[in-house]
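*Asks:* Just passing along the structure, written as structure tokens.
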Amino acid sequence: MNAANKGPEGALEGATYSDLKGSGISESLRSLETQVSVVYQESIEPALSPADLPARCRKTYLRHMVSKLPEAVQNRIRALKHNQLQQVRIAEQFFREVYELERRFYGQSCDLFDARRDLLDGVTEPPLLTENSWPEDRYDSLPLDLESNEELRQLVGQLPAVPEDQLGVPRFWLTVFRNVPLLSELVQDHDEPLLEFLQDVRLGYDQDSYTVSFQFRPNRFLHDSSLLLTKRYFLQHSADQEYPYLFEGPEIIRCEGCHIHWRDGSNLTLQTVQSRRRGRARSVPKVMPRESFFRFFTPPQAPDLSLADEKTKLILGNDFEVGFLLRTQIVPKAVLFYTGDLVDNVNESLPEAGSRSSEVEQEP
């Protein structure tokens, strides 16, 4: 009988040691491949966690989780939330005192802000400073890459010429506003001629509000009675009654602008367009609103923001961000935004020190 006609037992009897050894190795390899595949699948498909859920779904799940705990454990959770609420009350006191400190120390800086204004206006001239009193920024020595960056080339080409005998610092506040994305979005090209006359930006603190003041030099746009424009922001220092655990400090809840008295034909928030009416051969001028930085001084009014429409919420939300930025960054640190020592977007910050320093060292 040949091997082809043998039964299973006969085939096994006729197999050599090498055949059996090879068969065992193949089975082992297949088993190992299966284990590796399982481990690989587990590595690329981690177990689902509550953090993977959308916020609203995660909140519903966690509420359900707590409701399934034994009553004694739930009671301890309630005690912990009561404990957390007491921490919120302490935080309210803390941030109130921080605001009062900010208010008091701003007053001590007013002489320095006066000196800044006089330097910008050319009223005073500083002594020659041959050495910096601050540490050098190594990024100051990096070359401006004009070859591969079209936007840089365009901006450099737009730089205005400044005469050697120029007094003060021209276009200072306009440049600061243009350097900060959140503010630059508000500034239109037709606003720039007036913003060149912006002399100073200051803060005024009250117990539950603060005011940002914009002082202009006499110009052809604003009537002399409107050279000082103001924007007031009202604060809520206590936690929201419905969502107390979200408290992270005082919040802006509303704002008020001011009336602007424009000179005849100089209102930058309006434009005249030619409108042709049906049945008339000749077009007629029509005054229409247009985007302008100076709409900042006429914000929409919403006594209860929660009841406002989505457009109003969006406008005021952006307005509140601008007000916070002006108070905490722009007014106290304006020169650093002018020079680029500060940028207001951490997501576009300079490269990390370690990686960039090695690049700098390798540059010819």
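FYI, nothing fancy with the structure tokens labels: chains A, B, ... in order, residues from 1 per chain, ligands from 1 as they appear.
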How would you write, as a ChimeraX atom specification, the set of residues in range 129-271 of chain A that DSSP gives as strand (DSSP E)?
*Replies:* /A:198-205,209-216,228-236,251-256,270-271
*Asks:* If we count only C-alpha atoms, what is near Gly107 in chain A at a cut-off of 12 Å, once residues fewer than 2 positions away on the same chain are taken out, given as a PDB file with N, CA and C atoms, in the first residue's frame?
*Replies:*
ATOM      1  N   GLU A 100      -9.437  94.484  43.274  1.00  0.00           N
ATOM      2  CA  GLU A 100      -9.150  95.711  44.014  1.00  0.00           C
ATOM      3  C   GLU A 100      -7.656  96.026  43.989  1.00  0.00           C
ATOM      4  N   LEU A 101      -6.825  94.980  44.051  1.00  0.00           N
ATOM      5  CA  LEU A 101      -5.379  95.197  43.947  1.00  0.00           C
ATOM      6  C   LEU A 101      -5.013  95.733  42.562  1.00  0.00           C
ATOM      7  N   GLU A 102      -5.604  95.151  41.530  1.00  0.00           N
ATOM      8  CA  GLU A 102      -5.365  95.628  40.163  1.00  0.00           C
ATOM      9  C   GLU A 102      -5.762  97.091  40.045  1.00  0.00           C
ATOM     10  N   ARG A 103      -6.895  97.423  40.608  1.00  0.00           N
ATOM     11  CA  ARG A 103      -7.408  98.802  40.563  1.00  0.00           C
ATOM     12  C   ARG A 103      -6.444  99.750  41.276  1.00  0.00           C
ATOM     13  N   ARG A 104      -5.946  99.332  42.438  1.00  0.00           N
ATOM     14  CA  ARG A 104      -5.061 100.200  43.224  1.00  0.00           C
ATOM     15  C   ARG A 104      -3.700 100.360  42.548  1.00  0.00           C
ATOM     16  N   PHE A 105      -3.130  99.268  42.065  1.00  0.00           N
ATOM     17  CA  PHE A 105      -1.801  99.349  41.474  1.00  0.00           C
ATOM     18  C   PHE A 105      -1.819 100.021  40.108  1.00  0.00           C
ATOM     19  N   SER A 109       0.570 103.296  38.519  1.00  0.00           N
ATOM     20  CA  SER A 109       1.260 103.291  37.224  1.00  0.00           C
ATOM     21  C   SER A 109       0.893 104.479  36.350  1.00  0.00           C
ATOM     22  N   CYS A 110      -0.041 105.295  36.795  1.00  0.00           N
ATOM     23  CA  CYS A 110      -0.535 106.384  35.929  1.00  0.00           C
ATOM     24  C   CYS A 110       0.563 107.357  35.527  1.00  0.00           C
ATOM     25  N   ASP A 111       1.525 107.624  36.431  1.00  0.00           N
ATOM     26  CA  ASP A 111       2.631 108.518  36.076  1.00  0.00           C
ATOM     27  C   ASP A 111       3.448 107.933  34.929  1.00  0.00           C
ATOM     28  N   LEU A 112       3.606 106.613  34.935  1.00  0.00           N
ATOM     29  CA  LEU A 112       4.339 105.963  33.852  1.00  0.00           C
ATOM     30  C   LEU A 112       3.559 106.037  32.543  1.00  0.00           C
ATOM     31  N   PHE A 113       2.234 105.924  32.620  1.00  0.00           N
ATOM     32  CA  PHE A 113       1.421 106.048  31.414  1.00  0.00           C
ATOM     33  C   PHE A 113       1.446 107.486  30.880  1.00  0.00           C
ATOM     34  N   ASP A 114       1.522 108.455  31.791  1.00  0.00           N
ATOM     35  CA  ASP A 114       1.691 109.852  31.356  1.00  0.00           C
ATOM     36  C   ASP A 114       3.009 110.013  30.597  1.00  0.00           C
ATOM     37  N   ARG A 202      -6.405 104.621  27.846  1.00  0.00           N
ATOM     38  CA  ARG A 202      -6.281 104.494  29.300  1.00  0.00           C
ATOM     39  C   ARG A 202      -7.434 103.692  29.888  1.00  0.00           C
ATOM     40  N   LEU A 203      -7.275 103.324  31.157  1.00  0.00           N
ATOM     41  CA  LEU A 203      -8.308 102.607  31.900  1.00  0.00           C
ATOM     42  C   LEU A 203      -8.779 103.448  33.064  1.00  0.00           C
ATOM     43  N   GLY A 204     -10.053 103.262  33.417  1.00  0.00           N
ATOM     44  CA  GLY A 204     -10.603 103.863  34.628  1.00  0.00           C
ATOM     45  C   GLY A 204     -11.381 102.791  35.369  1.00  0.00           C
ATOM     46  N   TYR A 205     -11.094 102.604  36.639  1.00  0.00           N
ATOM     47  CA  TYR A 205     -11.702 101.526  37.417  1.00  0.00           C
ATOM     48  C   TYR A 205     -12.789 102.038  38.351  1.00  0.00           C
ATOM     49  N   ASP A 206     -13.907 101.329  38.384  1.00  0.00           N
ATOM     50  CA  ASP A 206     -14.934 101.499  39.400  1.00  0.00           C
ATOM     51  C   ASP A 206     -15.083 100.166  40.125  1.00  0.00           C
ATOM     52  N   PRO A 332      -1.735  98.074  29.404  1.00  0.00           N
ATOM     53  CA  PRO A 332      -0.524  98.067  30.238  1.00  0.00           C
ATOM     54  C   PRO A 332       0.760  97.693  29.498  1.00  0.00           C
TER      55      PRO A 332
END
*Asks:* Closest to Leu195 in chain A among A:Gln207, A:Leu268, A:Glu147, A:Pro181, using only C-alpha atoms?
*Replies:*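 Checking each of A:Gln207, A:Leu268, A:Glu147, A:Pro181 against Leu195 in chain A, counting only C-alpha atoms, the winner is A:Leu268.
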*Asks:* For CA of His259 in chain A and CA of Pro299 in chain A, quote the distance in Å rounded to one decimal.
*Replies:*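 So the two atoms, CA of His259 in chain A and CA of Pro299 in chain A, lie 11.1 Å apart.
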*Asks:* Nearest residue to Phe234 in chain A out of A:Ile260, A:Glu185, A:Phe320, A:Phe216, using only C-alpha atoms?
*Replies:*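 Among the listed residues, the smallest separation from Phe234 in chain A belongs to A:Phe320.
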*Asks:* Could you name the residues that touch Phe94 in chain A at 9 Å or less, counting only C-alpha atoms, but leaving out those on the same chain fewer than 5 positions away, as a VMD selection string?
*Replies:* chain A and resid 89 99 249
